[in-house]
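Next up, model_18.pdb (PDB, C-alpha atoms, pLDDT in the B column):
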ATOM      1  CA  MET A 683    -127.428  58.165 -60.590  1.00 60.00           C
ATOM      2  CA  THR A 684    -129.993  60.924 -61.031  1.00 75.00           C
ATOM      3  CA  SER A 685    -130.861  62.061 -64.544  1.00 93.00           C
ATOM      4  CA  THR A 686    -130.495  65.797 -65.140  1.00 96.00           C
ATOM      5  CA  ILE A 687    -132.210  68.109 -67.606  1.00 96.00           C
ATOM      6  CA  LEU A 688    -130.288  71.315 -68.280  1.00 97.00           C
ATOM      7  CA  VAL A 689    -132.350  74.500 -68.685  1.00 96.00           C
ATOM      8  CA  PRO A 690    -130.412  77.568 -69.886  1.00 95.00           C
ATOM      9  CA  VAL A 691    -132.043  80.818 -68.729  1.00 92.00           C
ATOM     10  CA  ASP A 692    -131.221  84.471 -69.261  1.00 89.00           C
ATOM     11  CA  GLY A 693    -133.569  86.276 -66.896  1.00 86.00           C
ATOM     12  CA  SER A 694    -136.085  87.183 -69.606  1.00 86.00           C
ATOM     13  CA  ASP A 695    -139.775  86.334 -69.873  1.00 84.00           C
ATOM     14  CA  LYS A 696    -138.984  83.408 -72.190  1.00 87.00           C
ATOM     15  CA  ASP A 697    -137.541  81.450 -69.261  1.00 89.00           C
ATOM     16  CA  ALA A 698    -141.055  80.525 -68.076  1.00 87.00           C
ATOM     17  CA  ARG A 699    -141.760  78.727 -71.360  1.00 88.00           C
ATOM     18  CA  ALA A 700    -138.658  76.563 -71.079  1.00 91.00           C
ATOM     19  CA  LEU A 701    -139.257  75.875 -67.399  1.00 91.00           C
ATOM     20  CA  ALA A 702    -142.829  74.667 -67.972  1.00 88.00           C
ATOM     21  CA  VAL A 703    -141.729  72.144 -70.602  1.00 90.00           C
ATOM     22  CA  ALA A 704    -138.610  71.103 -68.679  1.00 92.00           C
ATOM     23  CA  ALA A 705    -140.619  70.443 -65.501  1.00 91.00           C
ATOM     24  CA  ASP A 706    -143.009  68.173 -67.368  1.00 90.00           C
ATOM     25  CA  LEU A 707    -140.120  66.329 -69.003  1.00 93.00           C
ATOM     26  CA  ALA A 708    -138.492  65.943 -65.592  1.00 92.00           C
ATOM     27  CA  GLN A 709    -141.707  64.340 -64.346  1.00 90.00           C
ATOM     28  CA  LEU A 710    -141.718  61.898 -67.260  1.00 91.00           C
ATOM     29  CA  ALA A 711    -138.007  61.066 -66.912  1.00 92.00           C
ATOM     30  CA  ASP A 712    -137.881  61.149 -63.087  1.00 92.00           C
ATOM     31  CA  ALA A 713    -135.102  63.722 -63.473  1.00 94.00           C
ATOM     32  CA  SER A 714    -133.764  66.785 -61.725  1.00 94.00           C
ATOM     33  CA  LEU A 715    -133.534  70.222 -63.325  1.00 95.00           C
ATOM     34  CA  LEU A 716    -130.389  72.312 -63.484  1.00 95.00           C
ATOM     35  CA  LEU A 717    -131.079  75.947 -64.367  1.00 95.00           C
ATOM     36  CA  VAL A 718    -127.998  77.697 -65.680  1.00 96.00           C
ATOM     37  CA  ARG A 719    -127.239  81.255 -66.656  1.00 93.00           C
ATOM     38  CA  VAL A 720    -124.054  82.125 -68.496  1.00 92.00           C
ATOM     39  CA  ARG A 721    -122.679  85.598 -67.814  1.00 87.00           C
ATOM     40  CA  ASN A 722    -121.000  86.840 -70.943  1.00 77.00           C
ATOM     41  CA  PRO A 723    -119.023  89.968 -70.036  1.00 73.00           C
ATOM     42  CA  ARG A 724    -119.069  91.175 -73.648  1.00 71.00           C
ATOM     43  CA  THR A 725    -122.831  90.979 -74.219  1.00 67.00           C
ATOM     44  CA  ASP A 726    -124.565  90.677 -70.840  1.00 63.00           C
ATOM     45  CA  SER A 727    -126.530  93.799 -69.993  1.00 60.00           C
ATOM     46  CA  ALA A 728    -125.708  93.350 -66.299  1.00 58.00           C
ATOM     47  CA  PRO A 729    -122.184  91.882 -66.226  1.00 58.00           C
ATOM     48  CA  HIS A 730    -121.576  93.129 -62.691  1.00 68.00           C
ATOM     49  CA  GLU A 731    -124.745  91.692 -61.178  1.00 76.00           C
ATOM     50  CA  PRO A 732    -123.708  89.596 -58.176  1.00 82.00           C
ATOM     51  CA  GLU A 733    -123.905  85.839 -58.646  1.00 84.00           C
ATOM     52  CA  SER A 734    -126.059  85.540 -55.525  1.00 86.00           C
ATOM     53  CA  ALA A 735    -128.644  87.908 -57.029  1.00 87.00           C
ATOM     54  CA  MET A 736    -128.704  85.881 -60.260  1.00 86.00           C
ATOM     55  CA  LEU A 737    -129.176  82.641 -58.320  1.00 88.00           C
ATOM     56  CA  ASP A 738    -131.980  84.194 -56.252  1.00 86.00           C
ATOM     57  CA  ALA A 739    -133.704  85.389 -59.440  1.00 86.00           C
ATOM     58  CA  MET A 740    -133.432  81.925 -61.011  1.00 83.00           C
ATOM     59  CA  ARG A 741    -134.897  80.262 -57.920  1.00 86.00           C
ATOM     60  CA  ALA A 742    -137.724  82.805 -57.812  1.00 84.00           C
ATOM     61  CA  SER A 743    -138.559  82.220 -61.488  1.00 81.00           C
ATOM     62  CA  ALA A 744    -138.820  78.493 -60.769  1.00 80.00           C
ATOM     63  CA  GLU A 745    -141.393  78.988 -58.002  1.00 80.00           C
ATOM     64  CA  VAL A 746    -144.402  78.268 -60.192  1.00 73.00           C
ATOM     65  CA  PRO A 747    -147.563  77.045 -58.419  1.00 67.00           C
ATOM     66  CA  GLY A 748    -148.225  73.427 -59.300  1.00 69.00           C
ATOM     67  CA  MET A 749    -144.826  72.844 -60.886  1.00 73.00           C
ATOM     68  CA  GLU A 750    -143.197  69.752 -59.465  1.00 74.00           C
ATOM     69  CA  VAL A 751    -139.726  68.449 -60.167  1.00 75.00           C
ATOM     70  CA  PRO A 752    -139.328  64.899 -58.816  1.00 70.00           C
ATOM     71  CA  ARG A 753    -135.593  65.025 -58.158  1.00 81.00           C
ATOM     72  CA  GLY A 754    -135.252  68.690 -57.290  1.00 86.00           C
ATOM     73  CA  LEU A 755    -134.015  71.843 -58.913  1.00 89.00           C
ATOM     74  CA  THR A 756    -130.599  73.481 -58.672  1.00 90.00           C
ATOM     75  CA  CYS A 757    -129.220  76.674 -60.139  1.00 92.00           C
ATOM     76  CA  GLU A 758    -125.782  77.600 -61.392  1.00 94.00           C
ATOM     77  CA  VAL A 759    -124.109  80.684 -62.867  1.00 93.00           C
ATOM     78  CA  LEU A 760    -121.211  80.286 -65.300  1.00 92.00           C
ATOM     79  CA  ASP A 761    -118.896  82.940 -66.709  1.00 89.00           C
ATOM     80  CA  GLY A 762    -117.898  82.676 -70.340  1.00 88.00           C
ATOM     81  CA  ASP A 763    -117.467  84.520 -73.607  1.00 88.00           C
ATOM     82  CA  ASP A 764    -118.890  81.635 -75.665  1.00 91.00           C
ATOM     83  CA  VAL A 765    -122.339  80.861 -74.282  1.00 91.00           C
ATOM     84  CA  PRO A 766    -123.102  77.796 -76.454  1.00 93.00           C
ATOM     85  CA  ASN A 767    -119.770  76.169 -75.607  1.00 94.00           C
ATOM     86  CA  ALA A 768    -120.245  76.905 -71.898  1.00 95.00           C
ATOM     87  CA  LEU A 769    -123.671  75.264 -71.999  1.00 96.00           C
ATOM     88  CA  LEU A 770    -122.445  72.241 -73.931  1.00 96.00           C
ATOM     89  CA  GLY A 771    -119.482  71.820 -71.599  1.00 96.00           C
ATOM     90  CA  LEU A 772    -121.767  71.855 -68.571  1.00 96.00           C
ATOM     91  CA  ALA A 773    -124.153  69.400 -70.249  1.00 97.00           C
ATOM     92  CA  GLU A 774    -121.237  67.001 -70.690  1.00 96.00           C
ATOM     93  CA  ARG A 775    -119.954  67.479 -67.129  1.00 96.00           C
ATOM     94  CA  VAL A 776    -123.341  66.747 -65.534  1.00 96.00           C
ATOM     95  CA  ASN A 777    -124.211  64.095 -68.139  1.00 96.00           C
ATOM     96  CA  ALA A 778    -127.490  65.866 -68.958  1.00 96.00           C
ATOM     97  CA  ILE A 779    -130.076  63.689 -70.652  1.00 96.00           C
ATOM     98  CA  ALA A 780    -131.388  66.738 -72.537  1.00 96.00           C
ATOM     99  CA  LEU A 781    -131.367  70.523 -72.754  1.00 97.00           C
ATOM    100  CA  VAL A 782    -134.591  72.541 -72.839  1.00 96.00           C
ATOM    101  CA  MET A 783    -134.272  76.038 -74.286  1.00 94.00           C
ATOM    102  CA  ALA A 784    -136.760  78.742 -75.144  1.00 90.00           C
ATOM    103  CA  THR A 785    -136.048  80.594 -78.365  1.00 87.00           C
ATOM    104  CA  ARG A 786    -136.536  84.240 -79.284  1.00 79.00           C
ATOM    105  CA  ALA A 787    -136.285  84.476 -83.049  1.00 62.00           C
ATOM    106  CA  PRO A 788    -139.005  82.323 -84.599  1.00 56.00           C
ATOM    107  CA  GLN A 789    -137.742  82.696 -88.168  1.00 60.00           C
ATOM    108  CA  ALA A 790    -134.470  81.830 -89.865  1.00 60.00           C
ATOM    109  CA  ILE A 791    -133.885  85.439 -90.939  1.00 57.00           C
ATOM    110  CA  GLY A 792    -134.012  86.586 -87.303  1.00 56.00           C
ATOM    111  CA  ARG A 793    -131.585  83.872 -86.245  1.00 53.00           C
ATOM    112  CA  ALA A 794    -129.245  84.751 -89.111  1.00 55.00           C
ATOM    113  CA  MET A 795    -129.257  88.455 -88.239  1.00 47.00           C
ATOM    114  CA  HIS A 796    -128.937  88.154 -84.471  1.00 52.00           C
ATOM    115  CA  GLY A 797    -127.217  84.804 -84.077  1.00 62.00           C
ATOM    116  CA  SER A 798    -128.725  82.111 -81.957  1.00 82.00           C
ATOM    117  CA  VAL A 799    -127.374  80.286 -78.960  1.00 87.00           C
ATOM    118  CA  ALA A 800    -130.044  77.624 -79.487  1.00 87.00           C
ATOM    119  CA  ASP A 801    -128.994  77.075 -83.125  1.00 87.00           C
ATOM    120  CA  ARG A 802    -125.371  76.524 -82.126  1.00 89.00           C
ATOM    121  CA  VAL A 803    -126.311  74.197 -79.280  1.00 92.00           C
ATOM    122  CA  VAL A 804    -128.483  72.116 -81.620  1.00 90.00           C
ATOM    123  CA  ARG A 805    -125.898  72.034 -84.412  1.00 90.00           C
ATOM    124  CA  THR A 806    -122.778  71.350 -82.359  1.00 91.00           C
ATOM    125  CA  GLY A 807    -124.036  69.474 -79.306  1.00 92.00           C
ATOM    126  CA  SER A 808    -124.314  65.735 -78.850  1.00 92.00           C
ATOM    127  CA  ARG A 809    -127.304  65.767 -76.490  1.00 95.00           C
ATOM    128  CA  PRO A 810    -131.023  66.013 -77.305  1.00 94.00           C
ATOM    129  CA  VAL A 811    -132.303  69.588 -77.326  1.00 95.00           C
ATOM    130  CA  VAL A 812    -135.942  70.601 -76.911  1.00 94.00           C
ATOM    131  CA  LEU A 813    -136.623  74.070 -78.327  1.00 91.00           C
ATOM    132  CA  VAL A 814    -139.666  75.938 -77.034  1.00 89.00           C
ATOM    133  CA  PRO A 815    -140.706  78.602 -79.576  1.00 85.00           C
ATOM    134  CA  PRO A 816    -142.173  82.042 -78.811  1.00 82.00           C
ATOM    135  CA  ARG A 817    -145.688  80.996 -79.680  1.00 70.00           C
ATOM    136  CA  ALA A 818    -145.671  78.311 -76.982  1.00 61.00           C
ATOM    137  CA  ASP A 819    -146.679  80.723 -74.191  1.00 58.00           C
ATOM    138  CA  TYR A 820    -149.951  78.848 -73.894  1.00 57.00           C
ATOM    139  CA  MET A 821    -147.934  75.893 -72.477  1.00 54.00           C
ATOM    140  CA  VAL A 822    -147.112  77.701 -69.223  1.00 54.00           C
ATOM    141  CA  GLY A 823    -149.076  76.032 -66.464  1.00 55.00           C
ATOM    142  CA  ARG A 824    -150.242  73.112 -68.622  1.00 56.00           C
ATOM    143  CA  ASP A 825    -149.217  69.457 -68.668  1.00 57.00           C
ATOM    144  CA  VAL A 826    -147.393  68.108 -71.716  1.00 53.00           C
ATOM    145  CA  HIS A 827    -147.861  64.476 -70.673  1.00 53.00           C
TER     146      HIS A 827
END
Exercise: express the given structure as structure tokens:
Amino acid sequence: MTSTILVPVDGSDKDARALAVAADLAQLADASLLLVRVRNPRTDSAPHEPESAMLDAMRASAEVPGMEVPRGLTCEVLDGDDVPNALLGLAERVNAIALVMATRAPQAIGRAMHGSVADRVVRTGSRPVVLVPPRADYMVGRDVH
């Protein structure tokens, strides 16, 4: 059975931070990566974007020179109104060994005002979660071994 690391993405520039860390963890754990984007029709800025376009964008964002994933990389798009629950449900279904998420709001006040998918995943999930903060941009393209 192949180990899987789940990497939630949203199409923003923060995805590269999570991908860099997740790829290195996949190397250490001899795991595959599963990139997932949850389309939330109530909050997604592009709710009518075709799934194929989202999958193509995810694959393109994962084409980083020098990034190797020992067991491969797959992409999936989910539809759901509750993004944290959709992510946690998928993590259970694929038996993910961990989730790697980049965060936007570095301070508690920002998370309290805007809500945080990462906070809910950490608080309510049963799997390890690696959070990659905004100031970790220097990690892109570097080894975390």
- Message: For a test of reading the model, state the distance in Å between CA of Ala705 (chain A) and CA of Asp763 (chain A), rounded to one decimal.
- Response: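 Between CA of Ala705 (chain A) and CA of Asp763 (chain A) the gap is 28.3 Å.
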- Report the distance between CA of Val718 (chain A) and CA of Leu772 (chain A) in Å, rounded to one decimal place.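 Interatomic distance, CA of Val718 (chain A) to CA of Leu772 (chain A): 9.0 Å.
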- Result set, the PyMOL selection byres ((chain A and resi 764) around 12) on current file, as a PyMOL selection string: chain A and resi 720-726+760-763+765-771+798-799+802-803
- Item | Coordinates-based distance that separates CA of Thr806 (chain A) from CA of Val782 (chain A) (Å, one decimal) |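 Taking CA of Val782 (chain A) and CA of Thr806 (chain A), their separation equals 15.2 Å.
Distances here use all atoms listed in the file; by that measure, the residue among A:Ala702, A:Ala773, A:Met783, A:Val751 closest to Ser808 (chain A) is A:Ala773.
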- Item | Counting only C-alpha atoms, the residue of A:Gln709, A:Ser694, A:Thr686, A:Ser714 that sits nearest Gly754 (chain A) |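 Closest to Gly754 (chain A) of all the choices is A:Ser714.
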- Target residues per the PyMOL selection byres ((chain A and resi 739) around 12), formatted as a ChimeraX atom specification: /A:691-694,697,717-719,731-738,740-745,757-759
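For the set A:Leu716, A:Ala711, A:Ala780, A:Ala700, the residue with the smallest atom-to-atom gap to Arg817 (chain A) is A:Ala700, counting all atoms listed in the file.
Shortest atom-to-atom contact with Ala713 (chain A) among A:Ser685, A:Glu750, A:Ala778, A:Val814: A:Ser685, counting all atoms listed in the file.
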